[in-house]
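A.B. asks: Attaching a single structure in structure tokens format; questions to follow.
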Amino acid sequence: MTMPAGEASPGLTLHQISVRFGGLVALDGVSLRVAPGRTVGVIGPNGAGKTTLFNVVCGFVAPTGGTLTFDDRPLRPRPHRLTRLGIARTLQGVGLFPSLTVLENVQVAAPGATDRAWAELDRCGVAQHAGTLPGRLPYAVRKRVSLARALVARPRLLLLDEPAGGLGAEEIEELRELITGLPCSVLLVEHHMDLVMAVCDEILVLDFGKPVAHGTPDEIRTDEAVADAYLGAAT
Ligand SMILES: Nc1ncnc2c1ncn2[C@@H]1O[C@H](COP(=O)(O)OP(=O)(O)O)[C@@H](O)[C@H]1O
Ligand SMILES: [Mg+2]
């Protein structure tokens, strides 16, 4: 992943990122690039380091080694400064404000931009719930509201951690269409293999914190190391 001197590499680049939690190596020399307009997936069995990688990019976890850049500038992410950089995220849970309506929850991310809030609720198929409190809505709908909230900031890069978690087959199919039509680049951290295969341009596979494969969905589908990682995890 080393870039020749002087060559531009817009988008997000992770270079040899490592994270240790005490004696446990959660990420071990992970390099990855999310170029503008691309959808890049990170998959791997439970405990592979997917959420840790996501948290490094969000600034929740400081890497113990390696560097990050965004549009060729060093990136030292802090959660509350991501939006300013053009990066938005949704979290593994949902994280909506319970006492605000759906519309108000989305407006929080772009105060004053009511038209945009409606447009993103519409894109995410939840505009009909605009006046409802999140607690009254099913989990799948709340997840879409949190996606609308991430999108209303008009990110250039969207970070998604397990967006398919807790969803049924039909809801995952709707999510697939939604992600495919997004106007930004996407880093998708997801355990659900079929969704990742369907929406991603390229995929990085982690196992015990180490990159074991990196390629197009077709390349990953036929990769023996990937099969081993998943079969090993299933036993
Ligand atoms: N804050 C933390 N402190 C200690 N260990 C952690 C912490 N976060 C994650 N881990 C460990 O790091 C490894 C990777 O976890 P995680 O990134 O959550 O994997 P995944 O999202 O792929 O399931 C696991 O062994 C997990 O127990
Ligand atoms: Mg995780």
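By order of appearance in the structure tokens: chains A, B, ..., then residues from 1 within every chain, and ligands from 1 in the order shown.
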Give me, as a VMD selection string, the set of residues whose atoms come within 10 Å of any atom of ligand 2, counting only C-alpha atoms and all ligand atoms.
C.D. replies: chain A and resid 43 to 55 91 to 92 161 to 162 165 189 to 191
A.B. asks: Can you list, as a compact mmCIF listing (two decimals) with N, CA and C atoms, in the first residue's frame, every protein, DNA or RNA residue that comes within 10 Å of Ile172 (chain A) when you count only C-alpha atoms, leaving out same-chain residues fewer than 4 positions away?
C.D. replies:
# COMPACT_ATOMS: atom_id res chain seq x y z
N ALA A 140 -35.49 -2.20 12.92
CA ALA A 140 -35.02 -1.99 11.54
C ALA A 140 -35.29 -0.56 11.08
N PRO A 163 -24.31 -2.85 9.73
CA PRO A 163 -25.67 -2.33 9.49
C PRO A 163 -26.71 -3.43 9.35
N ALA A 164 -26.30 -4.65 9.00
CA ALA A 164 -27.27 -5.73 8.82
C ALA A 164 -27.58 -6.45 10.13
N GLY A 165 -26.85 -6.13 11.20
CA GLY A 165 -27.04 -6.82 12.47
C GLY A 165 -28.48 -6.72 12.96
N GLY A 166 -29.10 -7.83 13.27
CA GLY A 166 -30.46 -7.83 13.81
C GLY A 166 -31.54 -7.65 12.77
N LEU A 167 -31.18 -7.61 11.48
CA LEU A 167 -32.19 -7.43 10.44
C LEU A 167 -32.57 -8.77 9.82
N GLY A 168 -33.82 -8.85 9.32
CA GLY A 168 -34.28 -10.03 8.60
C GLY A 168 -33.86 -9.97 7.14
N ARG A 176 -29.34 -3.42 1.06
CA ARG A 176 -28.44 -3.62 -0.07
C ARG A 176 -28.71 -2.55 -1.14
N GLU A 177 -29.98 -2.34 -1.45
CA GLU A 177 -30.33 -1.34 -2.47
C GLU A 177 -29.93 0.06 -2.02
N LEU A 178 -30.18 0.31 -0.73
CA LEU A 178 -29.88 1.63 -0.18
C LEU A 178 -28.38 1.91 -0.26
N HIS A 192 -22.13 -10.02 7.92
CA HIS A 192 -23.04 -10.66 6.97
C HIS A 192 -22.41 -10.71 5.58
N ASP A 194 -23.13 -12.13 2.64
CA ASP A 194 -23.86 -11.91 1.38
C ASP A 194 -24.03 -10.43 1.08
N LEU A 195 -24.32 -9.63 2.12
CA LEU A 195 -24.48 -8.19 1.92
C LEU A 195 -23.15 -7.59 1.43
A.B. asks: Quick check for you: according to DSSP on this backbone, which residues of region 7-228 of chain A are classed as helix (DSSP H, G or I)? Reply as a ChimeraX atom specification.
C.D. replies: /A:50-58,79-85,102-107,114-123,127-129,134-136,139-151,169-180,193-199,217-221,224-228
A.B. asks: Need the shell around Pro183 (chain A): protein/DNA/RNA residues with any atom at most 12 Å away, counting only C-alpha atoms. Skip same-chain ones fewer than 2 positions apart. Format as an MDAnalysis selection string?
C.D. replies: chainID A and resid 36:39 120 123 151:152 154:158 178:181 185:186
A.B. asks: Would you save the residues from that selection as a tab-separated table (two decimals), in the first residue's frame, using all heavy atoms?
C.D. replies:
chain	number	residue	atom	x	y	z
A	36	PRO	N	-12.35	7.67	-3.31
A	36	PRO	CA	-13.64	8.33	-3.52
A	36	PRO	C	-14.57	7.50	-4.40
A	36	PRO	O	-14.14	6.95	-5.42
A	36	PRO	CB	-13.26	9.65	-4.21
A	36	PRO	CG	-11.85	9.90	-3.78
A	36	PRO	CD	-11.22	8.54	-3.63
A	37	GLY	N	-15.83	7.40	-3.98
A	37	GLY	CA	-16.82	6.69	-4.77
A	37	GLY	C	-16.82	5.19	-4.59
A	37	GLY	O	-17.70	4.49	-5.10
A	38	ARG	N	-15.84	4.64	-3.86
A	38	ARG	CA	-15.76	3.18	-3.71
A	38	ARG	C	-16.49	2.72	-2.46
A	38	ARG	O	-16.61	3.45	-1.48
A	38	ARG	CB	-14.30	2.75	-3.57
A	38	ARG	CG	-13.45	3.17	-4.72
A	38	ARG	CD	-13.57	2.27	-5.89
A	38	ARG	NE	-12.81	1.04	-5.70
A	38	ARG	CZ	-12.75	0.07	-6.63
A	38	ARG	NH1	-13.41	0.19	-7.76
A	38	ARG	NH2	-12.04	-1.02	-6.40
A	39	THR	N	-16.97	1.49	-2.50
A	39	THR	CA	-17.53	0.84	-1.33
A	39	THR	C	-16.61	-0.32	-0.97
A	39	THR	O	-16.43	-1.24	-1.75
A	39	THR	CB	-18.96	0.35	-1.61
A	39	THR	OG1	-19.78	1.49	-1.87
A	39	THR	CG2	-19.53	-0.40	-0.40
A	120	GLU	N	-33.31	12.92	3.23
A	120	GLU	CA	-32.59	11.72	3.68
A	120	GLU	C	-33.54	10.72	4.34
A	120	GLU	O	-33.38	9.51	4.20
A	120	GLU	CB	-31.43	12.08	4.61
A	120	GLU	CG	-30.33	12.89	3.95
A	120	GLU	CD	-29.76	12.24	2.68
A	120	GLU	OE1	-29.88	11.02	2.49
A	120	GLU	OE2	-29.20	13.00	1.86
A	123	ARG	N	-35.00	9.05	1.37
A	123	ARG	CA	-34.05	8.11	0.77
A	123	ARG	C	-34.01	6.81	1.56
A	123	ARG	O	-33.92	5.72	1.00
A	123	ARG	CB	-32.64	8.73	0.74
A	123	ARG	CG	-31.61	7.84	0.06
A	123	ARG	CD	-30.20	8.07	0.60
A	123	ARG	NE	-29.70	9.41	0.42
A	123	ARG	CZ	-29.11	9.86	-0.69
A	123	ARG	NH1	-28.95	9.06	-1.70
A	123	ARG	NH2	-28.67	11.09	-0.76
A	151	LEU	N	-26.36	10.55	6.91
A	151	LEU	CA	-26.30	11.05	5.53
A	151	LEU	C	-26.62	12.53	5.43
A	151	LEU	O	-26.17	13.20	4.49
A	151	LEU	CB	-27.26	10.26	4.65
A	151	LEU	CG	-26.85	8.80	4.39
A	151	LEU	CD1	-27.98	8.06	3.70
A	151	LEU	CD2	-25.58	8.75	3.56
A	152	VAL	N	-27.39	13.06	6.38
A	152	VAL	CA	-27.82	14.45	6.28
A	152	VAL	C	-26.62	15.40	6.40
A	152	VAL	O	-26.66	16.53	5.92
A	152	VAL	CB	-28.92	14.77	7.32
A	152	VAL	CG1	-28.32	15.04	8.69
A	152	VAL	CG2	-29.76	15.94	6.86
A	154	ARG	N	-24.11	15.09	4.71
A	154	ARG	CA	-23.50	15.02	3.37
A	154	ARG	C	-22.04	14.61	3.43
A	154	ARG	O	-21.14	15.32	2.97
A	154	ARG	CB	-23.60	16.37	2.67
A	154	ARG	CG	-25.01	16.68	2.25
A	154	ARG	CD	-24.98	17.57	1.03
A	154	ARG	NE	-26.30	17.82	0.53
A	154	ARG	CZ	-26.78	19.03	0.25
A	154	ARG	NH1	-26.02	20.10	0.42
A	154	ARG	NH2	-27.98	19.16	-0.23
A	155	PRO	N	-21.78	13.43	4.00
A	155	PRO	CA	-20.39	12.98	4.12
A	155	PRO	C	-19.80	12.60	2.77
A	155	PRO	O	-20.54	12.22	1.86
A	155	PRO	CB	-20.51	11.74	5.01
A	155	PRO	CG	-21.88	11.20	4.70
A	155	PRO	CD	-22.73	12.43	4.49
A	156	ARG	N	-18.48	12.71	2.65
A	156	ARG	CA	-17.80	12.15	1.48
A	156	ARG	C	-17.50	10.68	1.74
A	156	ARG	O	-17.34	9.89	0.83
A	156	ARG	CB	-16.51	12.92	1.20
A	156	ARG	CG	-16.80	14.26	0.56
A	156	ARG	CD	-15.53	15.00	0.25
A	156	ARG	NE	-14.86	15.39	1.47
A	156	ARG	CZ	-13.54	15.35	1.64
A	156	ARG	NH1	-12.77	14.93	0.67
A	156	ARG	NH2	-13.00	15.73	2.78
A	157	LEU	N	-17.38	10.34	3.04
A	157	LEU	CA	-17.11	8.95	3.43
A	157	LEU	C	-18.08	8.57	4.54
A	157	LEU	O	-18.20	9.29	5.53
A	157	LEU	CB	-15.66	8.82	3.94
A	157	LEU	CG	-15.29	7.49	4.59
A	157	LEU	CD1	-15.37	6.34	3.60
A	157	LEU	CD2	-13.89	7.57	5.19
A	158	LEU	N	-18.75	7.45	4.34
A	158	LEU	CA	-19.68	6.94	5.36
A	158	LEU	C	-19.12	5.66	5.94
A	158	LEU	O	-18.72	4.75	5.20
A	158	LEU	CB	-21.05	6.68	4.72
A	158	LEU	CG	-22.12	6.05	5.63
A	158	LEU	CD1	-22.52	7.01	6.74
A	158	LEU	CD2	-23.34	5.64	4.83
A	178	LEU	N	-30.18	0.31	-0.73
A	178	LEU	CA	-29.88	1.63	-0.18
A	178	LEU	C	-28.38	1.91	-0.26
A	178	LEU	O	-27.95	2.98	-0.72
A	178	LEU	CB	-30.38	1.65	1.27
A	178	LEU	CG	-30.43	2.95	2.04
A	178	LEU	CD1	-31.16	4.02	1.26
A	178	LEU	CD2	-31.15	2.69	3.37
A	179	ILE	N	-27.56	0.97	0.17
A	179	ILE	CA	-26.11	1.18	0.18
A	179	ILE	C	-25.60	1.33	-1.25
A	179	ILE	O	-24.75	2.18	-1.54
A	179	ILE	CB	-25.38	0.02	0.91
A	179	ILE	CG1	-25.74	0.02	2.40
A	179	ILE	CG2	-23.87	0.14	0.74
A	179	ILE	CD1	-25.18	-1.14	3.19
A	180	THR	N	-26.15	0.53	-2.16
A	180	THR	CA	-25.69	0.58	-3.55
A	180	THR	C	-25.92	1.97	-4.16
A	180	THR	O	-25.14	2.42	-4.99
A	180	THR	CB	-26.43	-0.49	-4.39
A	180	THR	OG1	-26.23	-1.75	-3.76
A	180	THR	CG2	-25.90	-0.56	-5.81
A	181	GLY	N	-26.98	2.64	-3.73
A	181	GLY	CA	-27.30	3.95	-4.32
A	181	GLY	C	-26.71	5.15	-3.59
A	181	GLY	O	-26.99	6.28	-3.96
A	185	SER	N	-18.42	7.56	-0.71
A	185	SER	CA	-17.70	6.31	-0.53
A	185	SER	C	-18.09	5.71	0.82
A	185	SER	O	-18.56	6.41	1.72
A	185	SER	CB	-16.19	6.51	-0.64
A	185	SER	OG	-15.75	7.52	0.22
A	186	VAL	N	-17.94	4.40	0.93
A	186	VAL	CA	-18.44	3.68	2.10
A	186	VAL	C	-17.38	2.70	2.60
A	186	VAL	O	-16.78	1.98	1.80
A	186	VAL	CB	-19.72	2.88	1.75
A	186	VAL	CG1	-20.22	2.09	2.96
A	186	VAL	CG2	-20.83	3.80	1.23
A.B. asks: Please, which residues of region 4-228 of chain A, numbered as in this document, come out strand (DSSP E or B) from DSSP, as a ChimeraX atom specification?
C.D. replies: /A:12-21,24-34,39-43,65-70,73-74,87-90,157-161,185-189,202-207,210-215
A.B. asks: If you count only C-alpha atoms, which residues fall within 7 Å of region 5-20 of chain A, apart from same-chain ones fewer than 3 positions away, as a compact mmCIF listing (two decimals) with N, CA, C and O atoms, in the first residue's frame?
C.D. replies:
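Saved the output as result_15.txt:
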# COMPACT_ATOMS: atom_id res chain seq x y z
N GLY A 23 -2.16 -7.48 26.34
CA GLY A 23 -1.43 -8.52 25.61
C GLY A 23 -2.12 -8.95 24.33
O GLY A 23 -1.56 -9.72 23.55
N LEU A 24 -3.35 -8.50 24.11
CA LEU A 24 -4.11 -8.98 22.95
C LEU A 24 -3.89 -8.08 21.73
O LEU A 24 -4.04 -6.87 21.81
N VAL A 25 -3.52 -8.70 20.63
CA VAL A 25 -3.32 -7.93 19.39
C VAL A 25 -4.63 -7.97 18.60
O VAL A 25 -4.99 -8.98 18.01
N ALA A 26 -5.37 -6.86 18.65
CA ALA A 26 -6.69 -6.82 17.99
C ALA A 26 -6.56 -6.52 16.50
O ALA A 26 -7.38 -6.96 15.69
N LEU A 27 -5.53 -5.74 16.13
CA LEU A 27 -5.23 -5.48 14.71
C LEU A 27 -3.73 -5.56 14.53
O LEU A 27 -2.97 -5.02 15.35
N ASP A 28 -3.30 -6.19 13.46
CA ASP A 28 -1.89 -6.46 13.28
C ASP A 28 -1.46 -6.08 11.86
O ASP A 28 -1.57 -6.87 10.94
N GLY A 29 -1.04 -4.83 11.68
CA GLY A 29 -0.51 -4.40 10.38
C GLY A 29 -1.54 -4.39 9.27
O GLY A 29 -1.34 -5.00 8.22
N VAL A 30 -2.64 -3.68 9.49
CA VAL A 30 -3.73 -3.66 8.51
C VAL A 30 -3.62 -2.41 7.63
O VAL A 30 -3.61 -1.29 8.13
N SER A 31 -3.55 -2.61 6.32
CA SER A 31 -3.52 -1.51 5.37
C SER A 31 -4.75 -1.59 4.48
O SER A 31 -5.18 -2.69 4.10
N LEU A 32 -5.30 -0.42 4.17
CA LEU A 32 -6.56 -0.41 3.41
C LEU A 32 -6.74 0.98 2.83
O LEU A 32 -6.36 1.97 3.45
N ARG A 33 -7.33 1.05 1.62
CA ARG A 33 -7.64 2.36 1.06
C ARG A 33 -9.09 2.37 0.63
O ARG A 33 -9.58 1.41 0.04
N VAL A 34 -9.79 3.45 0.98
CA VAL A 34 -11.15 3.67 0.49
C VAL A 34 -11.09 4.90 -0.41
O VAL A 34 -11.09 6.03 0.07
N ALA A 35 -11.03 4.67 -1.71
CA ALA A 35 -10.92 5.78 -2.67
C ALA A 35 -12.31 6.41 -2.86
O ALA A 35 -13.33 5.76 -2.60
N PRO A 36 -12.35 7.67 -3.31
CA PRO A 36 -13.64 8.33 -3.52
C PRO A 36 -14.57 7.50 -4.40
O PRO A 36 -14.14 6.95 -5.42
N PRO A 63 -4.62 3.92 17.46
CA PRO A 63 -3.77 2.80 17.05
C PRO A 63 -2.45 2.81 17.82
O PRO A 63 -1.94 3.88 18.14
N THR A 64 -1.93 1.62 18.11
CA THR A 64 -0.62 1.54 18.74
C THR A 64 0.49 1.54 17.70
O THR A 64 1.65 1.70 18.02
N GLY A 65 0.13 1.38 16.43
CA GLY A 65 1.11 1.49 15.35
C GLY A 65 0.42 1.84 14.04
O GLY A 65 -0.77 1.61 13.89
N GLY A 66 1.18 2.43 13.11
CA GLY A 66 0.64 2.73 11.79
C GLY A 66 0.08 4.14 11.69
O GLY A 66 0.06 4.89 12.66
N THR A 67 -0.34 4.49 10.47
CA THR A 67 -0.83 5.86 10.23
C THR A 67 -2.12 5.82 9.41
O THR A 67 -2.40 4.87 8.69
N LEU A 68 -2.87 6.92 9.55
CA LEU A 68 -4.10 7.13 8.77
C LEU A 68 -3.93 8.42 7.99
O LEU A 68 -3.39 9.39 8.51
N THR A 69 -4.44 8.44 6.75
CA THR A 69 -4.53 9.72 6.05
C THR A 69 -5.92 9.84 5.43
O THR A 69 -6.57 8.83 5.13
N PHE A 70 -6.36 11.08 5.28
CA PHE A 70 -7.62 11.36 4.59
C PHE A 70 -7.33 12.48 3.60
O PHE A 70 -6.87 13.56 4.01
N ASP A 71 -7.55 12.20 2.33
CA ASP A 71 -7.17 13.14 1.26
C ASP A 71 -5.73 13.61 1.41
O ASP A 71 -5.44 14.81 1.37
N ASP A 72 -4.85 12.64 1.62
CA ASP A 72 -3.40 12.88 1.67
C ASP A 72 -2.93 13.65 2.90
O ASP A 72 -1.74 13.95 3.01
A.B. asks: I'd like the contact shell of Arg149 (chain A) - 9 Å cut-off, only C-alpha atoms, skipping same-chain residues fewer than 3 positions apart - returned as a PyMOL selection string.
C.D. replies: chain A and resi 88+90+105-110+117+120-121+144-146+152-153
A.B. asks: Grab the residues selected above and save them as a PDB file, in the first residue's frame with N, CA and C atoms.
C.D. replies:
ATOM      1  N   ALA A  88     -18.952  10.517   8.102  1.00  0.00           N
ATOM      2  CA  ALA A  88     -20.092  10.234   8.982  1.00  0.00           C
ATOM      3  C   ALA A  88     -20.113   8.743   9.292  1.00  0.00           C
ATOM      4  N   THR A  90     -22.454   5.335  11.343  1.00  0.00           N
ATOM      5  CA  THR A  90     -23.512   4.813  12.198  1.00  0.00           C
ATOM      6  C   THR A  90     -22.850   3.780  13.100  1.00  0.00           C
ATOM      7  N   ASN A 105     -34.296  13.995  15.362  1.00  0.00           N
ATOM      8  CA  ASN A 105     -33.050  13.239  15.476  1.00  0.00           C
ATOM      9  C   ASN A 105     -32.156  13.460  14.265  1.00  0.00           C
ATOM     10  N   VAL A 106     -32.759  13.527  13.087  1.00  0.00           N
ATOM     11  CA  VAL A 106     -31.976  13.708  11.860  1.00  0.00           C
ATOM     12  C   VAL A 106     -31.502  15.159  11.755  1.00  0.00           C
ATOM     13  N   GLN A 107     -32.359  16.101  12.171  1.00  0.00           N
ATOM     14  CA  GLN A 107     -31.998  17.519  12.090  1.00  0.00           C
ATOM     15  C   GLN A 107     -30.819  17.871  12.993  1.00  0.00           C
ATOM     16  N   VAL A 108     -30.655  17.103  14.077  1.00  0.00           N
ATOM     17  CA  VAL A 108     -29.537  17.346  14.992  1.00  0.00           C
ATOM     18  C   VAL A 108     -28.210  17.368  14.237  1.00  0.00           C
ATOM     19  N   ALA A 109     -28.122  16.548  13.197  1.00  0.00           N
ATOM     20  CA  ALA A 109     -26.863  16.430  12.451  1.00  0.00           C
ATOM     21  C   ALA A 109     -26.688  17.538  11.416  1.00  0.00           C
ATOM     22  N   ALA A 110     -27.736  18.308  11.151  1.00  0.00           N
ATOM     23  CA  ALA A 110     -27.637  19.411  10.178  1.00  0.00           C
ATOM     24  C   ALA A 110     -28.674  20.464  10.540  1.00  0.00           C
ATOM     25  N   ALA A 117     -33.064  17.095   5.669  1.00  0.00           N
ATOM     26  CA  ALA A 117     -33.462  16.062   6.624  1.00  0.00           C
ATOM     27  C   ALA A 117     -34.602  15.230   6.028  1.00  0.00           C
ATOM     28  N   GLU A 120     -33.308  12.919   3.229  1.00  0.00           N
ATOM     29  CA  GLU A 120     -32.592  11.717   3.676  1.00  0.00           C
ATOM     30  C   GLU A 120     -33.541  10.721   4.337  1.00  0.00           C
ATOM     31  N   LEU A 121     -34.553  11.223   5.056  1.00  0.00           N
ATOM     32  CA  LEU A 121     -35.563  10.314   5.608  1.00  0.00           C
ATOM     33  C   LEU A 121     -36.255   9.580   4.466  1.00  0.00           C
ATOM     34  N   ARG A 144     -32.588   2.658  10.134  1.00  0.00           N
ATOM     35  CA  ARG A 144     -32.647   3.500   8.934  1.00  0.00           C
ATOM     36  C   ARG A 144     -32.648   4.983   9.300  1.00  0.00           C
ATOM     37  N   VAL A 145     -33.257   5.291  10.431  1.00  0.00           N
ATOM     38  CA  VAL A 145     -33.247   6.683  10.887  1.00  0.00           C
ATOM     39  C   VAL A 145     -31.810   7.091  11.218  1.00  0.00           C
ATOM     40  N   SER A 146     -31.069   6.191  11.861  1.00  0.00           N
ATOM     41  CA  SER A 146     -29.691   6.556  12.203  1.00  0.00           C
ATOM     42  C   SER A 146     -28.847   6.680  10.930  1.00  0.00           C
ATOM     43  N   VAL A 152     -27.392  13.058   6.379  1.00  0.00           N
ATOM     44  CA  VAL A 152     -27.816  14.452   6.280  1.00  0.00           C
ATOM     45  C   VAL A 152     -26.615  15.402   6.397  1.00  0.00           C
ATOM     46  N   ALA A 153     -25.535  14.928   6.986  1.00  0.00           N
ATOM     47  CA  ALA A 153     -24.325  15.744   7.069  1.00  0.00           C
ATOM     48  C   ALA A 153     -23.580  15.790   5.724  1.00  0.00           C
TER      49      ALA A 153
END
A.B. asks: So what do you get for CA of Val102 (chain A) versus CA of Arg78 (chain A), distance-wise?
C.D. replies: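 That distance, rounded to one decimal, is 25.9 Å.
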A.B. asks: Pick out the closest residue to ligand 1 from this set: A:Ala148, A:Ala229, A:Phe21, A:Phe60. Count only C-alpha atoms and all ligand atoms.
C.D. replies: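 Among the listed residues, A:Phe21 lies closest to ligand 1.
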A.B. asks: Pick out the residues sitting within 7 Å of region 201-203 of chain A, and hand them over as a list in words; count only C-alpha atoms, and ignore anything fewer than 4 positions along from it in its own chain.
C.D. replies: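 Answer for this query is Arg38, Thr39, Val40, Gly41, Val42, His214, Gly215, Thr216 and Pro217 of chain A.
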A.B. asks: Calculated over only C-alpha atoms and all ligand atoms, which of the candidates A:Met197, A:Leu188, A:Ile220, A:Leu137 has the smallest distance to ligand 1?
C.D. replies: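 Among the listed residues, the smallest separation from ligand 1 belongs to A:Leu188.
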A.B. asks: Could you tell me how far CA of Gly95 (chain A) lies from atom 23 (O, counted along the ligand's line) of ligand 1, in Å and to one decimal?
C.D. replies: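 Between CA of Gly95 (chain A) and atom 23 (O, counted along the ligand's line) of ligand 1 the gap works out to 19.2 Å.
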A.B. asks: When you count only C-alpha atoms, which of these residues is closest to Pro134 (chain A): A:Leu82, A:Leu100, A:Leu147, A:Ala119?
C.D. replies: A:Leu100
